[in-house]
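J.: Below you'll find the structure I mean.
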Amino acid sequence: MFVPLTWSLVALSLAAMVYAVVLAARNKRIDWTVLGALGVIELGLIAQLVVGVVQLAGTDRDVSGPFFVGYLVGSLLILPIGAFWALAESSRWGAGALAIACLVIPILELRLHDLWAV
């Protein structure tokens with residue numbers, strides 16, 4: 001795995017989570033700023049998917065391929081689902097749901113890092 005990309009995604013996701021929590025605390029809906037940040041994170045997740053699959057194909061490490069690819073693909077799905085939910089919910093809980101989706105990304109990234117380090 002490309003470790004700087006992993007830690008960048010963790011940091012960006014946590015920053016987006018904090019912003020979404022602030023929006024929820026202020027009883028605001030999500031805005032274009034957080035959606036733009038989610039787009040940047042999603043592009044990073046796509047890059048990580050490509051790098052991860054290429055590295056998995058060329059490694060002799062004892063990495064569980066289906067789990068590894070499952071985490072890579074699953075991380076791609078979390079933010080769009082959270083963003084859709086946040087846009088559909090007109091109360092503060094939309095931003096809260098997005099904050100939870102942004103929190104899931106660092107958890108998945110750290111799990112990917114652990115799977116690769118074995």
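Chain lettering (A, B, ...) mirrors the order of the structure tokens, residue numbering begins at 1 for each chain separately, and ligand numbering begins at 1 in order of display.
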Neighbours of A:Phe68 within 9 Å (only C-alpha atoms; same-chain residues fewer than 2 positions away dropped), as a PyMOL selection string?

T.: chain A and resi 52-53+56+63-66+70-73+112+115-116

J.: Any chance you can output those residues with N, CA, C and O atoms as a tab-separated table (two decimals), in the first residue's frame?

T.:
```
chain	number	residue	atom	x	y	z
A	52	GLY	N	-3.81	-0.42	-4.90
A	52	GLY	CA	-3.93	-1.61	-4.08
A	52	GLY	C	-4.08	-2.88	-4.89
A	52	GLY	O	-3.44	-3.90	-4.60
A	53	VAL	N	-4.90	-2.84	-5.94
A	53	VAL	CA	-5.09	-4.03	-6.77
A	53	VAL	C	-3.81	-4.35	-7.54
A	53	VAL	O	-3.42	-5.52	-7.65
A	56	LEU	N	-1.39	-5.78	-5.05
A	56	LEU	CA	-1.82	-7.11	-4.63
A	56	LEU	C	-1.49	-8.15	-5.70
A	56	LEU	O	-1.07	-9.26	-5.38
A	63	VAL	N	-1.48	-11.95	1.88
A	63	VAL	CA	-2.61	-11.03	2.06
A	63	VAL	C	-3.86	-11.72	1.53
A	63	VAL	O	-3.85	-12.29	0.44
A	64	SER	N	-4.93	-11.65	2.31
A	64	SER	CA	-6.20	-12.22	1.86
A	64	SER	C	-6.79	-11.32	0.78
A	64	SER	O	-7.30	-10.24	1.07
A	65	GLY	N	-6.70	-11.77	-0.45
A	65	GLY	CA	-7.14	-10.97	-1.59
A	65	GLY	C	-8.59	-10.54	-1.54
A	65	GLY	O	-8.89	-9.35	-1.71
A	66	PRO	N	-9.54	-11.48	-1.28
A	66	PRO	CA	-10.94	-11.06	-1.24
A	66	PRO	C	-11.25	-10.03	-0.15
A	66	PRO	O	-12.00	-9.09	-0.38
A	70	GLY	N	-12.26	-6.31	-0.97
A	70	GLY	CA	-13.55	-5.95	-0.39
A	70	GLY	C	-13.50	-4.66	0.40
A	70	GLY	O	-14.40	-3.82	0.30
A	71	TYR	N	-12.44	-4.49	1.18
A	71	TYR	CA	-12.27	-3.24	1.92
A	71	TYR	C	-12.04	-2.07	0.96
A	71	TYR	O	-12.55	-0.97	1.18
A	72	LEU	N	-11.28	-2.29	-0.10
A	72	LEU	CA	-11.04	-1.22	-1.07
A	72	LEU	C	-12.33	-0.79	-1.76
A	72	LEU	O	-12.62	0.41	-1.89
A	73	VAL	N	-13.12	-1.76	-2.20
A	73	VAL	CA	-14.38	-1.45	-2.89
A	73	VAL	C	-15.40	-0.88	-1.89
A	73	VAL	O	-16.11	0.07	-2.20
A	112	LEU	N	-7.27	-1.68	6.27
A	112	LEU	CA	-6.49	-1.99	5.06
A	112	LEU	C	-5.00	-1.97	5.34
A	112	LEU	O	-4.26	-2.84	4.87
A	115	LEU	N	-4.18	-5.15	7.16
A	115	LEU	CA	-4.20	-6.32	6.28
A	115	LEU	C	-2.93	-6.36	5.42
A	115	LEU	O	-2.39	-7.44	5.18
A	116	TRP	N	-2.49	-5.21	4.95
A	116	TRP	CA	-1.31	-5.17	4.08
A	116	TRP	C	-0.03	-5.42	4.86
A	116	TRP	O	0.92	-5.99	4.35
```

J.: What lies within 12 Å of A:Val50 using only C-alpha atoms, ignoring chain neighbours under 6 positions off, as a list in words?

T.: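 Listed by chain and then number, they are Met1, Phe2, Leu43, Gly44, Leu56, Ala57, Val69, Leu72, Val73 and Leu76 of chain A.
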
J.: For A:Trp7, which of A:Ile30, A:Ala24, A:Ile41, A:Ala88 is the closest residue, counting only C-alpha atoms?

T.: A:Ile41

J.: Ranking A:Leu49, A:Val54, A:Ala37, A:Ile81 by minimum distance to A:Gly94 and counting only C-alpha atoms, which one comes first?

T.: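 Looking at the shortest contact to A:Gly94, the residue is A:Ile81.
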
J.: Check the smallest atom-to-atom distance from each of A:Cys102, A:Val10, A:Ala95, A:Leu79 to A:Glu42 using only C-alpha atoms, then report the winner.

T.: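 Using only C-alpha atoms, A:Glu42 sits closest to A:Leu79.
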
J.: Of the candidates A:Ile78, A:Ile107, A:Leu9, A:Leu98, which one gets nearest to A:Leu23 if we count only C-alpha atoms?

T.: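 Smallest distance to A:Leu23 is found for A:Leu98.
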
J.: Write out as a ChimeraX atom specification all residues of stretch 30-107 of chain A that backbone DSSP assigns to helix (DSSP H, G or I).

T.: /A:32-57,65-88,92-107

J.: Could you name the residues that touch A:Arg26 at 12 Å or less, counting only C-alpha atoms, but leaving out those on the same chain fewer than 6 positions away, as a VMD selection string?

T.: chain A and resid 19 to 20 91 to 93 95 to 96

J.: Please produce a file of those selected residues containing C-alpha atoms, as a PDB file, in the first residue's frame.

T.:
```pdb
ATOM      1  CA  TYR A  19     -16.909  19.904   9.480  1.00  0.00           C
ATOM      2  CA  ALA A  20     -20.044  17.757   9.234  1.00  0.00           C
ATOM      3  CA  SER A  91     -32.623  18.158   9.314  1.00  0.00           C
ATOM      4  CA  ARG A  92     -29.345  18.258  11.198  1.00  0.00           C
ATOM      5  CA  TRP A  93     -29.264  14.471  11.147  1.00  0.00           C
ATOM      6  CA  ALA A  95     -24.973  16.134   8.447  1.00  0.00           C
ATOM      7  CA  GLY A  96     -24.751  13.688  11.344  1.00  0.00           C
TER       8      GLY A  96
END
```
